[in-house]
>>> print(open('run-v6.pdb').read())   # PDB, C-alpha atoms
ATOM      1  CA  MET A 149       5.451  14.563 -25.148  1.00  0.00           C
ATOM      2  CA  CYS A 150       7.293  16.251 -22.286  1.00  0.00           C
ATOM      3  CA  LEU A 151       7.567  19.504 -24.261  1.00  0.00           C
ATOM      4  CA  LEU A 152       3.855  19.360 -25.016  1.00  0.00           C
ATOM      5  CA  PHE A 153       3.102  18.939 -21.320  1.00  0.00           C
ATOM      6  CA  LEU A 154       5.357  21.905 -20.455  1.00  0.00           C
ATOM      7  CA  LYS A 155       3.547  24.073 -23.055  1.00  0.00           C
ATOM      8  CA  LEU A 156       0.173  23.040 -21.638  1.00  0.00           C
ATOM      9  CA  ILE A 157       1.070  24.139 -18.123  1.00  0.00           C
ATOM     10  CA  GLY A 158       2.604  27.359 -19.425  1.00  0.00           C
ATOM     11  CA  VAL A 159       6.274  26.817 -18.683  1.00  0.00           C
ATOM     12  CA  GLY A 160       7.452  27.344 -22.237  1.00  0.00           C
ATOM     13  CA  CYS A 161       9.928  25.432 -24.318  1.00  0.00           C
ATOM     14  CA  ASN A 162      13.107  27.363 -23.616  1.00  0.00           C
ATOM     15  CA  LEU A 163      15.230  24.649 -22.039  1.00  0.00           C
ATOM     16  CA  GLY A 164      18.482  26.556 -22.589  1.00  0.00           C
ATOM     17  CA  PHE A 165      18.717  27.204 -18.841  1.00  0.00           C
ATOM     18  CA  LEU A 166      19.659  23.524 -18.391  1.00  0.00           C
ATOM     19  CA  MET A 167      22.835  24.051 -20.403  1.00  0.00           C
ATOM     20  CA  ASN A 168      24.000  26.826 -18.056  1.00  0.00           C
ATOM     21  CA  LEU A 169      23.705  24.959 -14.766  1.00  0.00           C
ATOM     22  CA  PRO A 170      26.931  25.126 -12.733  1.00  0.00           C
ATOM     23  CA  VAL A 171      27.826  21.433 -12.756  1.00  0.00           C
ATOM     24  CA  GLN A 172      31.486  20.916 -11.936  1.00  0.00           C
ATOM     25  CA  ILE A 173      32.948  17.507 -11.358  1.00  0.00           C
ATOM     26  CA  GLN A 174      36.568  17.942 -10.435  1.00  0.00           C
ATOM     27  CA  LEU A 175      38.128  14.818  -9.014  1.00  0.00           C
ATOM     28  CA  ALA A 176      41.546  16.210  -9.928  1.00  0.00           C
ATOM     29  CA  SER A 177      41.136  19.241  -7.663  1.00  0.00           C
ATOM     30  CA  PRO A 178      43.725  19.827  -4.918  1.00  0.00           C
ATOM     31  CA  ALA A 179      41.017  19.808  -2.227  1.00  0.00           C
ATOM     32  CA  PHE A 180      39.941  16.290  -3.242  1.00  0.00           C
ATOM     33  CA  HIS A 181      43.522  15.018  -3.192  1.00  0.00           C
ATOM     34  CA  GLU A 182      44.103  16.669   0.193  1.00  0.00           C
ATOM     35  CA  TRP A 183      40.977  15.007   1.606  1.00  0.00           C
ATOM     36  CA  ILE A 184      42.118  11.585   0.316  1.00  0.00           C
ATOM     37  CA  SER A 185      45.612  12.046   1.777  1.00  0.00           C
ATOM     38  CA  ARG A 186      44.124  13.019   5.163  1.00  0.00           C
ATOM     39  CA  ARG A 187      41.963   9.874   5.092  1.00  0.00           C
ATOM     40  CA  LYS A 188      45.005   7.725   4.295  1.00  0.00           C
ATOM     41  CA  GLU A 189      47.028   9.319   7.097  1.00  0.00           C
ATOM     42  CA  SER A 190      44.271   8.904   9.669  1.00  0.00           C
ATOM     43  CA  VAL A 191      43.833   5.159   9.117  1.00  0.00           C
ATOM     44  CA  ARG A 192      44.483   3.405  12.418  1.00  0.00           C
ATOM     45  CA  PRO A 193      46.612   0.244  12.464  1.00  0.00           C
ATOM     46  CA  TRP A 194      44.529  -2.656  11.208  1.00  0.00           C
ATOM     47  CA  LEU A 195      45.966  -5.104  13.766  1.00  0.00           C
ATOM     48  CA  VAL A 196      44.702  -2.872  16.574  1.00  0.00           C
ATOM     49  CA  PHE A 197      41.389  -2.401  14.748  1.00  0.00           C
ATOM     50  CA  VAL A 198      40.677  -6.149  14.638  1.00  0.00           C
ATOM     51  CA  ASN A 199      42.328  -7.144  17.942  1.00  0.00           C
ATOM     52  CA  THR A 200      39.852  -9.626  19.425  1.00  0.00           C
ATOM     53  CA  HIS A 201      41.097  -9.049  22.983  1.00  0.00           C
ATOM     54  CA  ASN A 202      39.543  -5.572  22.931  1.00  0.00           C
ATOM     55  CA  PHE A 203      36.018  -6.761  22.152  1.00  0.00           C
ATOM     56  CA  LYS A 204      33.875  -6.507  25.280  1.00  0.00           C
ATOM     57  CA  ILE A 205      30.151  -6.218  25.949  1.00  0.00           C
ATOM     58  CA  PRO A 206      29.268  -2.719  27.199  1.00  0.00           C
ATOM     59  CA  GLN A 207      28.096  -2.625  30.809  1.00  0.00           C
ATOM     60  CA  SER A 208      25.279  -0.114  30.351  1.00  0.00           C
ATOM     61  CA  PHE A 209      23.360   1.714  27.670  1.00  0.00           C
ATOM     62  CA  GLN A 210      25.105   4.979  28.516  1.00  0.00           C
ATOM     63  CA  ARG A 211      28.563   3.408  28.165  1.00  0.00           C
ATOM     64  CA  TRP A 212      27.446   1.763  24.903  1.00  0.00           C
ATOM     65  CA  THR A 213      26.426   5.103  23.350  1.00  0.00           C
ATOM     66  CA  LYS A 214      29.708   6.737  24.419  1.00  0.00           C
ATOM     67  CA  ARG A 215      31.646   3.756  23.056  1.00  0.00           C
ATOM     68  CA  VAL A 216      29.901   3.942  19.674  1.00  0.00           C
ATOM     69  CA  VAL A 217      30.581   7.682  19.349  1.00  0.00           C
ATOM     70  CA  LYS A 218      34.254   7.276  20.319  1.00  0.00           C
ATOM     71  CA  ASN A 219      34.777   4.340  17.963  1.00  0.00           C
ATOM     72  CA  VAL A 220      33.163   6.081  14.990  1.00  0.00           C
ATOM     73  CA  ASP A 221      35.241   9.186  15.648  1.00  0.00           C
ATOM     74  CA  HIS A 222      38.490   7.260  16.149  1.00  0.00           C
ATOM     75  CA  TYR A 223      38.103   4.691  13.339  1.00  0.00           C
ATOM     76  CA  GLN A 224      36.161   6.659  10.703  1.00  0.00           C
ATOM     77  CA  SER A 225      38.888   6.228   8.058  1.00  0.00           C
ATOM     78  CA  ASN A 226      39.040   2.486   8.679  1.00  0.00           C
ATOM     79  CA  TYR A 227      35.260   2.304   8.274  1.00  0.00           C
ATOM     80  CA  MET A 228      35.511   4.243   5.008  1.00  0.00           C
ATOM     81  CA  PHE A 229      38.046   1.733   3.661  1.00  0.00           C
ATOM     82  CA  ILE A 230      35.738  -1.130   4.676  1.00  0.00           C
ATOM     83  CA  PHE A 231      33.000   0.522   2.592  1.00  0.00           C
ATOM     84  CA  ILE A 232      35.370   0.860  -0.386  1.00  0.00           C
ATOM     85  CA  GLY A 233      36.491  -2.753   0.055  1.00  0.00           C
ATOM     86  CA  LEU A 234      32.894  -3.981  -0.037  1.00  0.00           C
ATOM     87  CA  ILE A 235      32.261  -2.006  -3.219  1.00  0.00           C
ATOM     88  CA  ILE A 236      35.354  -3.543  -4.838  1.00  0.00           C
ATOM     89  CA  TYR A 237      34.236  -7.001  -3.674  1.00  0.00           C
ATOM     90  CA  CYS A 238      30.827  -6.505  -5.318  1.00  0.00           C
ATOM     91  CA  LEU A 239      32.395  -5.303  -8.556  1.00  0.00           C
ATOM     92  CA  ILE A 240      34.729  -8.293  -8.681  1.00  0.00           C
ATOM     93  CA  THR A 241      32.012 -10.847  -7.925  1.00  0.00           C
ATOM     94  CA  SER A 242      29.518  -9.380 -10.404  1.00  0.00           C
ATOM     95  CA  PRO A 243      31.043  -9.416 -13.902  1.00  0.00           C
ATOM     96  CA  LEU A 244      28.078  -7.634 -15.528  1.00  0.00           C
ATOM     97  CA  LEU A 245      28.186  -4.827 -12.977  1.00  0.00           C
ATOM     98  CA  PHE A 246      31.962  -4.573 -13.373  1.00  0.00           C
ATOM     99  CA  PHE A 247      31.547  -4.350 -17.152  1.00  0.00           C
ATOM    100  CA  ALA A 248      28.843  -1.664 -16.833  1.00  0.00           C
ATOM    101  CA  ALA A 249      30.984   0.422 -14.463  1.00  0.00           C
ATOM    102  CA  PHE A 250      34.040  -0.026 -16.683  1.00  0.00           C
ATOM    103  CA  LEU A 251      32.058   1.006 -19.755  1.00  0.00           C
ATOM    104  CA  SER A 252      30.631   4.115 -18.083  1.00  0.00           C
ATOM    105  CA  LEU A 253      33.974   5.212 -16.658  1.00  0.00           C
ATOM    106  CA  SER A 254      35.695   4.569 -20.002  1.00  0.00           C
ATOM    107  CA  LEU A 255      33.117   6.709 -21.788  1.00  0.00           C
ATOM    108  CA  CYS A 256      33.616   9.520 -19.243  1.00  0.00           C
ATOM    109  CA  TYR A 257      37.383   9.274 -19.697  1.00  0.00           C
ATOM    110  CA  PHE A 258      36.971   9.411 -23.496  1.00  0.00           C
ATOM    111  CA  LEU A 259      34.746  12.506 -23.176  1.00  0.00           C
ATOM    112  CA  ALA A 260      37.283  14.209 -20.908  1.00  0.00           C
ATOM    113  CA  LEU A 261      40.062  13.548 -23.438  1.00  0.00           C
ATOM    114  CA  ARG A 262      37.850  14.663 -26.314  1.00  0.00           C
ATOM    115  CA  ASN A 263      36.965  17.939 -24.531  1.00  0.00           C
ATOM    116  CA  ALA A 264      40.626  18.680 -23.938  1.00  0.00           C
ATOM    117  CA  GLU A 265      41.203  18.575 -27.709  1.00  0.00           C
ATOM    118  CA  LYS A 266      37.958  19.971 -29.077  1.00  0.00           C
ATOM    119  CA  LYS A 267      34.720  20.998 -27.373  1.00  0.00           C
ATOM    120  CA  ILE A 268      31.565  19.081 -28.263  1.00  0.00           C
ATOM    121  CA  LEU A 269      28.867  21.176 -29.898  1.00  0.00           C
ATOM    122  CA  ILE A 270      25.173  20.290 -30.131  1.00  0.00           C
ATOM    123  CA  GLY A 271      22.946  22.643 -32.069  1.00  0.00           C
ATOM    124  CA  GLY A 272      25.755  25.188 -32.296  1.00  0.00           C
ATOM    125  CA  GLN A 273      26.164  25.413 -28.511  1.00  0.00           C
ATOM    126  CA  GLU A 274      29.007  24.044 -26.461  1.00  0.00           C
ATOM    127  CA  VAL A 275      28.038  21.259 -24.059  1.00  0.00           C
ATOM    128  CA  ALA A 276      29.786  21.461 -20.700  1.00  0.00           C
ATOM    129  CA  LEU A 277      31.776  18.446 -19.555  1.00  0.00           C
ATOM    130  CA  GLY A 278      29.614  18.076 -16.446  1.00  0.00           C
ATOM    131  CA  HIS A 279      26.512  17.825 -18.600  1.00  0.00           C
ATOM    132  CA  GLN A 280      28.196  15.210 -20.748  1.00  0.00           C
ATOM    133  CA  PHE A 281      29.031  13.185 -17.639  1.00  0.00           C
ATOM    134  CA  ALA A 282      25.428  13.554 -16.472  1.00  0.00           C
ATOM    135  CA  ALA A 283      24.203  12.275 -19.862  1.00  0.00           C
ATOM    136  CA  VAL A 284      26.512   9.252 -19.580  1.00  0.00           C
ATOM    137  CA  GLY A 285      25.101   8.615 -16.103  1.00  0.00           C
ATOM    138  CA  VAL A 286      21.508   8.837 -17.291  1.00  0.00           C
ATOM    139  CA  LEU A 287      22.184   6.606 -20.299  1.00  0.00           C
ATOM    140  CA  SER A 288      23.984   4.100 -18.043  1.00  0.00           C
ATOM    141  CA  LEU A 289      21.052   3.742 -15.637  1.00  0.00           C
ATOM    142  CA  PRO A 290      19.267   0.986 -17.611  1.00  0.00           C
ATOM    143  CA  VAL A 291      22.502  -0.992 -17.897  1.00  0.00           C
ATOM    144  CA  PHE A 292      23.185  -0.616 -14.176  1.00  0.00           C
ATOM    145  CA  TYR A 293      19.592  -1.617 -13.433  1.00  0.00           C
ATOM    146  CA  MET A 294      19.950  -4.793 -15.500  1.00  0.00           C
ATOM    147  CA  ALA A 295      23.279  -5.525 -13.804  1.00  0.00           C
ATOM    148  CA  GLY A 296      21.636  -5.334 -10.374  1.00  0.00           C
ATOM    149  CA  ALA A 297      23.365  -2.180  -9.163  1.00  0.00           C
ATOM    150  CA  GLY A 298      20.421  -1.218  -6.943  1.00  0.00           C
ATOM    151  CA  ALA A 299      20.564  -4.459  -4.990  1.00  0.00           C
ATOM    152  CA  VAL A 300      24.345  -4.230  -4.761  1.00  0.00           C
ATOM    153  CA  LEU A 301      24.157  -0.660  -3.509  1.00  0.00           C
ATOM    154  CA  PHE A 302      21.694  -1.550  -0.764  1.00  0.00           C
ATOM    155  CA  TRP A 303      23.732  -4.634   0.148  1.00  0.00           C
ATOM    156  CA  VAL A 304      26.956  -2.598   0.426  1.00  0.00           C
ATOM    157  CA  ILE A 305      25.290   0.075   2.546  1.00  0.00           C
ATOM    158  CA  GLY A 306      23.623  -2.525   4.773  1.00  0.00           C
ATOM    159  CA  ALA A 307      26.769  -4.616   5.169  1.00  0.00           C
ATOM    160  CA  THR A 308      28.835  -1.522   5.950  1.00  0.00           C
ATOM    161  CA  PHE A 309      26.399  -0.326   8.607  1.00  0.00           C
ATOM    162  CA  PHE A 310      26.267  -3.829  10.073  1.00  0.00           C
ATOM    163  CA  VAL A 311      30.065  -4.097  10.326  1.00  0.00           C
ATOM    164  CA  ILE A 312      30.362  -0.584  11.758  1.00  0.00           C
ATOM    165  CA  ALA A 313      27.571  -1.219  14.273  1.00  0.00           C
ATOM    166  CA  ILE A 314      29.105  -4.492  15.482  1.00  0.00           C
ATOM    167  CA  HIS A 315      32.635  -3.102  15.703  1.00  0.00           C
ATOM    168  CA  ALA A 316      31.644   0.225  17.261  1.00  0.00           C
ATOM    169  CA  SER A 317      29.342  -1.480  19.782  1.00  0.00           C
ATOM    170  CA  PHE A 318      31.698  -4.153  21.037  1.00  0.00           C
ATOM    171  CA  TYR A 319      35.206  -2.746  20.518  1.00  0.00           C
ATOM    172  CA  ASN A 320      36.403  -1.393  23.861  1.00  0.00           C
ATOM    173  CA  ILE A 321      38.077   1.838  22.750  1.00  0.00           C
ATOM    174  CA  ASP A 322      38.701   2.756  26.388  1.00  0.00           C
ATOM    175  CA  SER A 323      41.419   0.110  26.517  1.00  0.00           C
ATOM    176  CA  ILE A 324      43.355   2.126  23.933  1.00  0.00           C
ATOM    177  CA  LEU A 325      42.429   5.733  24.644  1.00  0.00           C
ATOM    178  CA  GLY A 326      41.636   5.427  28.328  1.00  0.00           C
ATOM    179  CA  SER A 327      38.350   6.311  29.938  1.00  0.00           C
ATOM    180  CA  ASP A 328      37.304   9.802  30.935  1.00  0.00           C
ATOM    181  CA  GLU A 329      35.005   8.411  33.594  1.00  0.00           C
ATOM    182  CA  GLU A 330      37.159   5.866  35.324  1.00  0.00           C
ATOM    183  CA  PRO A 331      40.865   6.270  35.982  1.00  0.00           C
ATOM    184  CA  PHE A 332      43.078   3.285  35.324  1.00  0.00           C
ATOM    185  CA  GLN A 333      42.941   0.925  38.263  1.00  0.00           C
ATOM    186  CA  THR A 334      46.120  -0.351  39.770  1.00  0.00           C
ATOM    187  CA  PHE A 335      45.996  -3.566  41.653  1.00  0.00           C
ATOM    188  CA  GLU A 336      48.312  -3.813  44.601  1.00  0.00           C
ATOM    189  CA  HIS A 337      49.348  -7.188  45.848  1.00  0.00           C
ATOM    190  CA  PRO A 338      49.785  -7.400  49.568  1.00  0.00           C
ATOM    191  CA  ILE A 339      53.343  -8.075  50.566  1.00  0.00           C
ATOM    192  CA  GLU A 340      53.684 -10.825  53.063  1.00  0.00           C
ATOM    193  CA  GLU A 341      56.377 -10.604  55.651  1.00  0.00           C
ATOM    194  CA  VAL A 342      58.391 -13.671  56.300  1.00  0.00           C
TER     195      VAL A 342
END
>>> encode(input="run-v6.pdb", output="structure tokens")
Amino acid sequence: MCLLFLKLIGVGCNLGFLMNLPVQIQLASPAFHEWISRRKESVRPWLVFVNTHNFKIPQSFQRWTKRVVKNVDHYQSNYMFIFIGLIIYCLITSPLLFFAAFLSLSLCYFLALRNAEKKILIGGQEVALGHQFAAVGVLSLPVFYMAGAGAVLFWVIGATFFVIAIHASFYNIDSILGSDEEPFQTFEHPIEEV
């Protein structure tokens, strides 16, 4: 049906260009591992991150915007790990979604092992590993839909933004980094002479 529609509008039926698209999924690349190690190194101490003594209401809108920007910049790795933690929580609490993700990742792992031994040929042409992964993703969509992955995805994104917004809005980062606007105040006690 789709090929008939393409012929009717004059595109032609040569879909070989799809097999030559430069799709490269390389999670084992050194750049990816370097990025992960930088994220791990830049995680701020969690006890400081959740210290309730540093939560204060901002005094003005201008100070609130500066506080949010500073917090997001300073704690971006912590926020990323909160996002990952929420994803893991959703996978653990939804067995069907966990099974669907496990099945898809297992199939991708099997294809990667299979391609290392012998390339997969369809119609006499070699199918790139990236295209095989894309096919697994497309074939997994109905299973993920039935498992409620769309609702989980929106919940994780919403919950992450909510946590980041609350923390970045109320966490007084100036108590840790100091404020550019106001120098630290020292309180002098008057000395009484006896």
>>> closest_residue(input="run-v6.pdb", among="A:Ala260, A:Ala276, A:Leu255, A:Val220", to="A:Ser317", atoms="all atoms listed in the file")
A:Val220
>>> residues_around(input="run-v6.pdb", residues="A:Lys218", least_positions_apart="3", cutoff="9 Å", atoms="all atoms listed in the file", output="ChimeraX atom specification")
/A:213-215,221-223,316,321-322
>>> resolve_selection(input="run-v6.pdb", expression="the PyMOL selection byres ((chain A and resi 239-251) around 7)", output="PyMOL selection string")
chain A and resi 235-238+252-255+291-292+295+297
>>> atom_distance(input="run-v6.pdb", atom1="atom CA of A:Leu277", atom2="atom CA of A:Cys256")
9.1 Å
>>> atom_distance(input="run-v6.pdb", atom1="atom CA of A:Ile314", atom2="atom CA of A:Gly233")
17.2 Å
>>> resolve_selection(input="run-v6.pdb", expression="the PyMOL selection byres ((chain A and resi 284) around 10)", output="short mmCIF file (atom, residue, chain, number, x, y, z; two decimals) with C-alpha atoms, in the frame of the given file")
data_model
loop_
_atom_site.label_atom_id
_atom_site.label_comp_id
_atom_site.auth_asym_id
_atom_site.auth_seq_id
_atom_site.Cartn_x
_atom_site.Cartn_y
_atom_site.Cartn_z
CA LEU A 251 32.06 1.01 -19.76
CA SER A 252 30.63 4.12 -18.08
CA LEU A 253 33.97 5.21 -16.66
CA LEU A 255 33.12 6.71 -21.79
CA CYS A 256 33.62 9.52 -19.24
CA LEU A 259 34.75 12.51 -23.18
CA GLY A 278 29.61 18.08 -16.45
CA HIS A 279 26.51 17.82 -18.60
CA GLN A 280 28.20 15.21 -20.75
CA PHE A 281 29.03 13.18 -17.64
CA ALA A 282 25.43 13.55 -16.47
CA ALA A 283 24.20 12.28 -19.86
CA GLY A 285 25.10 8.62 -16.10
CA VAL A 286 21.51 8.84 -17.29
CA LEU A 287 22.18 6.61 -20.30
CA SER A 288 23.98 4.10 -18.04
CA LEU A 289 21.05 3.74 -15.64
#
>>> resolve_selection(input="run-v6.pdb", expression="the PyMOL selection byres ((chain A and resi 187) around 12)", output="list in words")
Phe180, His181, Glu182, Trp183, Ile184, Ser185, Arg186, Lys188, Glu189, Ser190, Val191, Arg192, His222, Tyr223, Gln224, Ser225, Asn226, Tyr227, Met228 and Phe229 of chain A
>>> atom_distance(input="run-v6.pdb", atom1="atom CA of A:Ile230", atom2="atom CA of A:Phe197")
11.6 Å
>>> closest_residue(input="run-v6.pdb", among="A:Ile270, A:Ile232, A:Ile324, A:Ala264", to="A:Val304", atoms="all atoms listed in the file")
A:Ile232
>>> decode(input="run-v6.pdb", residues="stretch 307-325 of chain A", atoms="C-alpha atoms", output="CSV table (one decimal), in the first residue's frame")
chain,number,residue,atom,x,y,z
A,307,ALA,CA,8.3,14.2,38.3
A,308,THR,CA,11.9,15.1,37.4
A,309,PHE,CA,11.0,18.7,36.5
A,310,PHE,CA,9.0,19.0,39.6
A,311,VAL,CA,11.8,17.9,41.9
A,312,ILE,CA,14.3,20.0,40.1
A,313,ALA,CA,12.0,23.1,40.2
A,314,ILE,CA,11.4,22.7,43.9
A,315,HIS,CA,15.0,22.1,44.8
A,316,ALA,CA,16.4,24.8,42.5
A,317,SER,CA,13.8,27.3,43.7
A,318,PHE,CA,14.2,26.8,47.4
A,319,TYR,CA,17.8,25.6,48.0
A,320,ASN,CA,19.9,28.5,49.0
A,321,ILE,CA,23.0,27.9,47.0
A,322,ASP,CA,24.5,31.2,48.2
A,323,SER,CA,25.0,29.6,51.7
A,324,ILE,CA,27.5,27.2,50.0
A,325,LEU,CA,29.0,29.2,47.2
